[in-house]
Amino acid sequence: MSDSHPNLRLYVTQNSPYARLARIIVLEKGLENKVEQIVAQTRSINSPYYEINPSGRVPCLILADGARLEESQLVCSYLDNLDNAPRFEAPKGDNGFHIRRLEAMARSLADGVSVWIREGFRPQQERSPGVIAHERNRATRLIEAWEKEVMHPVMGGELSNMAQMTLIAALHLERWNPDFKWRDGHPNLVNWAESLADRPSIRDTMPVG
């Protein structure tokens with residue numbers, strides 16, 4: 001593979017927490033010269049991106065043979081394994097079980113807050129107060145749980161697994177939703193998030209507020 005001619009195309013948006021996971025992997029694994037990142041036009045009628053990925057979702061990775069990979073966990077796993085030395089896959093045993101458990105919990109937070117954000121982008125008369133209340137309450141419950149779970153050993157130390165990565169992407173959705181207030185009363189979460197804030201892969205993929 002020529003470093004000057006990427007043969008993988010990664011379609012992303014600047015503010016998707018799911019695309020951000022793939023963008024973080026690219027930086028962490030030093031794949032900038034092997035993966036061309038392209039900002040996709042999503043949620044737009046007749047976007048040319050729909051010819052590339054009919055679902056319109058990001059991230060989407062187009063392989064050299066034209067095969068299309070969609071869904072952040074699959075895309076991240078493929079990128080992590082490009083050098084046959086994966087760094088972010090959950091190991092076997094108890095630690096791997098807890099990483100997968102906490103990744104699912106972090107994904108639930110990201111999913112719910114994303115629905116909440118999308119509802120807020122709808123015209124005022126089309127917004128559902130019930131949906132907003134449901135997602136606000138879900139996020140509140142999950143943040144309370146995370147205040148304890150973030151102290152689990154697999155969440156500490158250097159960035160090394162998808163649970164850590166998914167949680168930081170979920171928490172940073174506060175930039176798009178000022179009503180998502182997770183910091184007050186949650187010192188463990190705040191300290192944990194701040195411990196990763198200056199890491200280049202986290203800093204350079206921060207959502208645009």
# chains A, B, ... in the order shown; residues from 1 in each chain; ligands from 1
>>> residues_around(residues="Ile38 (chain A)", least_positions_apart="3", cutoff="9 Å", atoms="only C-alpha atoms", output="list of chain:residue names")
A:Arg9, A:Leu10, A:Tyr11, A:Val12, A:Thr13
>>> residues_around(residues="region 120-137 of chain A", least_positions_apart="2", cutoff="10 Å", atoms="only C-alpha atoms", output="VMD selection string")
chain A and resid 109 111 to 118 139 to 143 176 to 177 179 to 181
>>> atom_distance(atom1="CA of Phe88 (chain A)", atom2="CA of Ser160 (chain A)")
5.3 Å
>>> atom_distance(atom1="CA of Pro207 (chain A)", atom2="CA of Asn15 (chain A)")
4.8 Å
>>> atom_distance(atom1="CA of Leu173 (chain A)", atom2="CA of Leu21 (chain A)")
13.0 Å
>>> closest_residue(among="A:Leu82, A:Ala110, A:Ala193, A:Val75", to="Ile62 (chain A)", atoms="only C-alpha atoms")
A:Val75
>>> residues_around(residues="region 184-192 of chain A", least_positions_apart="4", cutoff="10 Å", atoms="only C-alpha atoms", output="PDB file with N, CA and C atoms, in the first residue's frame")
ATOM      1  N   ILE A 143     -25.928   8.695  33.570  1.00  0.00           N
ATOM      2  CA  ILE A 143     -24.826   9.478  34.143  1.00  0.00           C
ATOM      3  C   ILE A 143     -24.626   9.120  35.604  1.00  0.00           C
ATOM      4  N   GLU A 144     -25.706   8.922  36.329  1.00  0.00           N
ATOM      5  CA  GLU A 144     -25.579   8.503  37.735  1.00  0.00           C
ATOM      6  C   GLU A 144     -24.865   7.158  37.817  1.00  0.00           C
ATOM      7  N   TRP A 146     -22.799   5.948  35.571  1.00  0.00           N
ATOM      8  CA  TRP A 146     -21.425   6.109  35.099  1.00  0.00           C
ATOM      9  C   TRP A 146     -20.523   6.745  36.148  1.00  0.00           C
ATOM     10  N   GLU A 147     -21.087   7.533  37.051  1.00  0.00           N
ATOM     11  CA  GLU A 147     -20.263   8.138  38.093  1.00  0.00           C
ATOM     12  C   GLU A 147     -19.546   7.052  38.898  1.00  0.00           C
ATOM     13  N   LYS A 148     -20.174   5.905  39.032  1.00  0.00           N
ATOM     14  CA  LYS A 148     -19.541   4.774  39.712  1.00  0.00           C
ATOM     15  C   LYS A 148     -18.743   3.920  38.727  1.00  0.00           C
ATOM     16  N   GLU A 149     -19.335   3.605  37.579  1.00  0.00           N
ATOM     17  CA  GLU A 149     -18.705   2.674  36.640  1.00  0.00           C
ATOM     18  C   GLU A 149     -17.407   3.207  36.046  1.00  0.00           C
ATOM     19  N   VAL A 150     -17.272   4.534  35.967  1.00  0.00           N
ATOM     20  CA  VAL A 150     -16.058   5.092  35.370  1.00  0.00           C
ATOM     21  C   VAL A 150     -14.820   4.779  36.208  1.00  0.00           C
ATOM     22  N   MET A 151     -15.048   4.343  37.440  1.00  0.00           N
ATOM     23  CA  MET A 151     -13.925   3.976  38.301  1.00  0.00           C
ATOM     24  C   MET A 151     -13.495   2.521  38.108  1.00  0.00           C
ATOM     25  N   MET A 155     -11.616   1.208  32.689  1.00  0.00           N
ATOM     26  CA  MET A 155     -11.846   2.564  32.194  1.00  0.00           C
ATOM     27  C   MET A 155     -10.678   3.488  32.483  1.00  0.00           C
ATOM     28  N   GLY A 156      -9.713   3.032  33.240  1.00  0.00           N
ATOM     29  CA  GLY A 156      -8.596   3.888  33.629  1.00  0.00           C
ATOM     30  C   GLY A 156      -7.405   3.769  32.698  1.00  0.00           C
ATOM     31  N   GLY A 157      -6.418   4.609  32.955  1.00  0.00           N
ATOM     32  CA  GLY A 157      -5.168   4.548  32.214  1.00  0.00           C
ATOM     33  C   GLY A 157      -5.265   5.131  30.813  1.00  0.00           C
ATOM     34  N   GLN A 164     -13.940   3.135  26.682  1.00  0.00           N
ATOM     35  CA  GLN A 164     -13.431   4.484  26.972  1.00  0.00           C
ATOM     36  C   GLN A 164     -13.769   5.442  25.834  1.00  0.00           C
ATOM     37  N   LEU A 167     -17.548   6.279  25.572  1.00  0.00           N
ATOM     38  CA  LEU A 167     -18.021   7.154  26.648  1.00  0.00           C
ATOM     39  C   LEU A 167     -17.581   8.595  26.417  1.00  0.00           C
ATOM     40  N   ILE A 168     -16.320   8.820  26.052  1.00  0.00           N
ATOM     41  CA  ILE A 168     -15.878  10.203  25.869  1.00  0.00           C
ATOM     42  C   ILE A 168     -16.626  10.854  24.710  1.00  0.00           C
ATOM     43  N   LEU A 171     -20.104  11.793  26.122  1.00  0.00           N
ATOM     44  CA  LEU A 171     -20.074  12.942  27.034  1.00  0.00           C
ATOM     45  C   LEU A 171     -19.878  14.256  26.284  1.00  0.00           C
ATOM     46  N   LEU A 196      -8.464  12.705  29.631  1.00  0.00           N
ATOM     47  CA  LEU A 196      -8.301  12.381  28.215  1.00  0.00           C
ATOM     48  C   LEU A 196      -8.356  13.610  27.310  1.00  0.00           C
ATOM     49  N   ALA A 197      -8.713  14.749  27.869  1.00  0.00           N
ATOM     50  CA  ALA A 197      -9.022  15.924  27.051  1.00  0.00           C
ATOM     51  C   ALA A 197      -7.860  16.387  26.180  1.00  0.00           C
TER      52      ALA A 197
END
>>> select_by_dssp(residues="chain A", states="alpha helix (DSSP H)", output="ChimeraX atom specification")
/A:17-28,49-52,72-80,94-121,129-149,162-171,187-196,200-203
>>> closest_residue(among="A:Val35, A:Ala163, A:Ala22, A:Ile45", to="Val58 (chain A)", atoms="only C-alpha atoms")
A:Ala22
>>> closest_residue(among="A:Pro54, A:Glu119, A:Met105, A:Lys29", to="Ala85 (chain A)", atoms="only C-alpha atoms")
A:Lys29
>>> closest_residue(among="A:Ala106, A:Ser44, A:Ile24, A:Asn53", to="Ala67 (chain A)", atoms="only C-alpha atoms")
A:Asn53
>>> residues_around(residues="Thr205 (chain A)", least_positions_apart="6", cutoff="10 Å", atoms="only C-alpha atoms", output="number ranges by chain")
A: 14-15, 17, 19-21, 23-24, 27, 169
>>> closest_residue(among="A:Asp83, A:Glu51, A:Glu71, A:Glu103", to="Lys34 (chain A)", atoms="only C-alpha atoms")
A:Asp83
>>> closest_residue(among="A:Glu158, A:Glu36, A:Asp80, A:Glu174", to="Ala64 (chain A)", atoms="only C-alpha atoms")
A:Glu36
>>> decode(residues="region 134-172 of chain A", atoms="N, CA and C atoms", output="PDB file, in the first residue's frame")
ATOM      1  N   HIS A 134     -38.128  11.690  27.803  1.00  0.00           N
ATOM      2  CA  HIS A 134     -37.662  10.306  27.923  1.00  0.00           C
ATOM      3  C   HIS A 134     -36.149  10.230  27.823  1.00  0.00           C
ATOM      4  N   GLU A 135     -35.578  10.918  26.842  1.00  0.00           N
ATOM      5  CA  GLU A 135     -34.126  10.853  26.653  1.00  0.00           C
ATOM      6  C   GLU A 135     -33.378  11.625  27.733  1.00  0.00           C
ATOM      7  N   ARG A 136     -33.960  12.706  28.210  1.00  0.00           N
ATOM      8  CA  ARG A 136     -33.339  13.448  29.315  1.00  0.00           C
ATOM      9  C   ARG A 136     -33.263  12.544  30.558  1.00  0.00           C
ATOM     10  N   ASN A 137     -34.363  11.852  30.839  1.00  0.00           N
ATOM     11  CA  ASN A 137     -34.394  10.989  32.018  1.00  0.00           C
ATOM     12  C   ASN A 137     -33.453   9.797  31.857  1.00  0.00           C
ATOM     13  N   ARG A 138     -33.404   9.251  30.644  1.00  0.00           N
ATOM     14  CA  ARG A 138     -32.474   8.141  30.394  1.00  0.00           C
ATOM     15  C   ARG A 138     -31.032   8.599  30.636  1.00  0.00           C
ATOM     16  N   ALA A 139     -30.683   9.768  30.100  1.00  0.00           N
ATOM     17  CA  ALA A 139     -29.323  10.279  30.266  1.00  0.00           C
ATOM     18  C   ALA A 139     -29.009  10.518  31.741  1.00  0.00           C
ATOM     19  N   THR A 140     -29.967  11.038  32.482  1.00  0.00           N
ATOM     20  CA  THR A 140     -29.756  11.288  33.913  1.00  0.00           C
ATOM     21  C   THR A 140     -29.459   9.990  34.650  1.00  0.00           C
ATOM     22  N   ARG A 141     -30.218   8.953  34.345  1.00  0.00           N
ATOM     23  CA  ARG A 141     -29.984   7.657  35.002  1.00  0.00           C
ATOM     24  C   ARG A 141     -28.618   7.091  34.640  1.00  0.00           C
ATOM     25  N   LEU A 142     -28.277   7.186  33.364  1.00  0.00           N
ATOM     26  CA  LEU A 142     -27.007   6.629  32.918  1.00  0.00           C
ATOM     27  C   LEU A 142     -25.810   7.388  33.485  1.00  0.00           C
ATOM     28  N   ILE A 143     -25.928   8.695  33.570  1.00  0.00           N
ATOM     29  CA  ILE A 143     -24.826   9.478  34.143  1.00  0.00           C
ATOM     30  C   ILE A 143     -24.626   9.120  35.604  1.00  0.00           C
ATOM     31  N   GLU A 144     -25.706   8.922  36.329  1.00  0.00           N
ATOM     32  CA  GLU A 144     -25.579   8.503  37.735  1.00  0.00           C
ATOM     33  C   GLU A 144     -24.865   7.158  37.817  1.00  0.00           C
ATOM     34  N   ALA A 145     -25.213   6.239  36.927  1.00  0.00           N
ATOM     35  CA  ALA A 145     -24.543   4.937  36.921  1.00  0.00           C
ATOM     36  C   ALA A 145     -23.075   5.066  36.527  1.00  0.00           C
ATOM     37  N   TRP A 146     -22.799   5.948  35.571  1.00  0.00           N
ATOM     38  CA  TRP A 146     -21.425   6.109  35.099  1.00  0.00           C
ATOM     39  C   TRP A 146     -20.523   6.745  36.148  1.00  0.00           C
ATOM     40  N   GLU A 147     -21.087   7.533  37.051  1.00  0.00           N
ATOM     41  CA  GLU A 147     -20.263   8.138  38.093  1.00  0.00           C
ATOM     42  C   GLU A 147     -19.546   7.052  38.898  1.00  0.00           C
ATOM     43  N   LYS A 148     -20.174   5.905  39.032  1.00  0.00           N
ATOM     44  CA  LYS A 148     -19.541   4.774  39.712  1.00  0.00           C
ATOM     45  C   LYS A 148     -18.743   3.920  38.727  1.00  0.00           C
ATOM     46  N   GLU A 149     -19.335   3.605  37.579  1.00  0.00           N
ATOM     47  CA  GLU A 149     -18.705   2.674  36.640  1.00  0.00           C
ATOM     48  C   GLU A 149     -17.407   3.207  36.046  1.00  0.00           C
ATOM     49  N   VAL A 150     -17.272   4.534  35.967  1.00  0.00           N
ATOM     50  CA  VAL A 150     -16.058   5.092  35.370  1.00  0.00           C
ATOM     51  C   VAL A 150     -14.820   4.779  36.208  1.00  0.00           C
ATOM     52  N   MET A 151     -15.048   4.343  37.440  1.00  0.00           N
ATOM     53  CA  MET A 151     -13.925   3.976  38.301  1.00  0.00           C
ATOM     54  C   MET A 151     -13.495   2.521  38.108  1.00  0.00           C
ATOM     55  N   HIS A 152     -14.208   1.786  37.244  1.00  0.00           N
ATOM     56  CA  HIS A 152     -13.812   0.409  36.985  1.00  0.00           C
ATOM     57  C   HIS A 152     -12.411   0.395  36.369  1.00  0.00           C
ATOM     58  N   PRO A 153     -11.582  -0.565  36.736  1.00  0.00           N
ATOM     59  CA  PRO A 153     -10.191  -0.577  36.228  1.00  0.00           C
ATOM     60  C   PRO A 153     -10.067  -0.511  34.713  1.00  0.00           C
ATOM     61  N   VAL A 154     -10.994  -1.099  33.961  1.00  0.00           N
ATOM     62  CA  VAL A 154     -10.839  -1.093  32.501  1.00  0.00           C
ATOM     63  C   VAL A 154     -11.066   0.292  31.904  1.00  0.00           C
ATOM     64  N   MET A 155     -11.616   1.208  32.689  1.00  0.00           N
ATOM     65  CA  MET A 155     -11.846   2.564  32.194  1.00  0.00           C
ATOM     66  C   MET A 155     -10.678   3.488  32.483  1.00  0.00           C
ATOM     67  N   GLY A 156      -9.713   3.032  33.240  1.00  0.00           N
ATOM     68  CA  GLY A 156      -8.596   3.888  33.629  1.00  0.00           C
ATOM     69  C   GLY A 156      -7.405   3.769  32.698  1.00  0.00           C
ATOM     70  N   GLY A 157      -6.418   4.609  32.955  1.00  0.00           N
ATOM     71  CA  GLY A 157      -5.168   4.548  32.214  1.00  0.00           C
ATOM     72  C   GLY A 157      -5.265   5.131  30.813  1.00  0.00           C
ATOM     73  N   GLU A 158      -4.315   4.729  29.985  1.00  0.00           N
ATOM     74  CA  GLU A 158      -4.261   5.210  28.599  1.00  0.00           C
ATOM     75  C   GLU A 158      -5.494   4.762  27.824  1.00  0.00           C
ATOM     76  N   LEU A 159      -5.784   5.475  26.752  1.00  0.00           N
ATOM     77  CA  LEU A 159      -6.888   5.083  25.887  1.00  0.00           C
ATOM     78  C   LEU A 159      -6.557   3.725  25.265  1.00  0.00           C
ATOM     79  N   SER A 160      -7.360   2.715  25.588  1.00  0.00           N
ATOM     80  CA  SER A 160      -6.998   1.362  25.184  1.00  0.00           C
ATOM     81  C   SER A 160      -8.175   0.487  24.791  1.00  0.00           C
ATOM     82  N   ASN A 161      -9.389   1.012  24.859  1.00  0.00           N
ATOM     83  CA  ASN A 161     -10.528   0.171  24.506  1.00  0.00           C
ATOM     84  C   ASN A 161     -11.715   1.003  24.038  1.00  0.00           C
ATOM     85  N   MET A 162     -12.680   0.311  23.445  1.00  0.00           N
ATOM     86  CA  MET A 162     -13.821   0.985  22.854  1.00  0.00           C
ATOM     87  C   MET A 162     -14.806   1.507  23.892  1.00  0.00           C
ATOM     88  N   ALA A 163     -14.782   0.971  25.091  1.00  0.00           N
ATOM     89  CA  ALA A 163     -15.650   1.500  26.145  1.00  0.00           C
ATOM     90  C   ALA A 163     -15.237   2.928  26.500  1.00  0.00           C
ATOM     91  N   GLN A 164     -13.940   3.135  26.682  1.00  0.00           N
ATOM     92  CA  GLN A 164     -13.431   4.484  26.972  1.00  0.00           C
ATOM     93  C   GLN A 164     -13.769   5.442  25.834  1.00  0.00           C
ATOM     94  N   MET A 165     -13.509   4.983  24.631  1.00  0.00           N
ATOM     95  CA  MET A 165     -13.689   5.826  23.454  1.00  0.00           C
ATOM     96  C   MET A 165     -15.156   6.217  23.263  1.00  0.00           C
ATOM     97  N   THR A 166     -16.051   5.251  23.468  1.00  0.00           N
ATOM     98  CA  THR A 166     -17.480   5.513  23.278  1.00  0.00           C
ATOM     99  C   THR A 166     -18.010   6.442  24.344  1.00  0.00           C
ATOM    100  N   LEU A 167     -17.548   6.279  25.572  1.00  0.00           N
ATOM    101  CA  LEU A 167     -18.021   7.154  26.648  1.00  0.00           C
ATOM    102  C   LEU A 167     -17.581   8.595  26.417  1.00  0.00           C
ATOM    103  N   ILE A 168     -16.320   8.820  26.052  1.00  0.00           N
ATOM    104  CA  ILE A 168     -15.878  10.203  25.869  1.00  0.00           C
ATOM    105  C   ILE A 168     -16.626  10.854  24.710  1.00  0.00           C
ATOM    106  N   ALA A 169     -16.923  10.076  23.658  1.00  0.00           N
ATOM    107  CA  ALA A 169     -17.688  10.622  22.540  1.00  0.00           C
ATOM    108  C   ALA A 169     -19.106  10.977  22.977  1.00  0.00           C
ATOM    109  N   ALA A 170     -19.692  10.149  23.840  1.00  0.00           N
ATOM    110  CA  ALA A 170     -21.040  10.426  24.332  1.00  0.00           C
ATOM    111  C   ALA A 170     -21.058  11.679  25.214  1.00  0.00           C
ATOM    112  N   LEU A 171     -20.104  11.793  26.122  1.00  0.00           N
ATOM    113  CA  LEU A 171     -20.074  12.942  27.034  1.00  0.00           C
ATOM    114  C   LEU A 171     -19.878  14.256  26.284  1.00  0.00           C
ATOM    115  N   HIS A 172     -19.073  14.225  25.247  1.00  0.00           N
ATOM    116  CA  HIS A 172     -18.802  15.460  24.512  1.00  0.00           C
ATOM    117  C   HIS A 172     -19.974  15.908  23.648  1.00  0.00           C
TER     118      HIS A 172
END
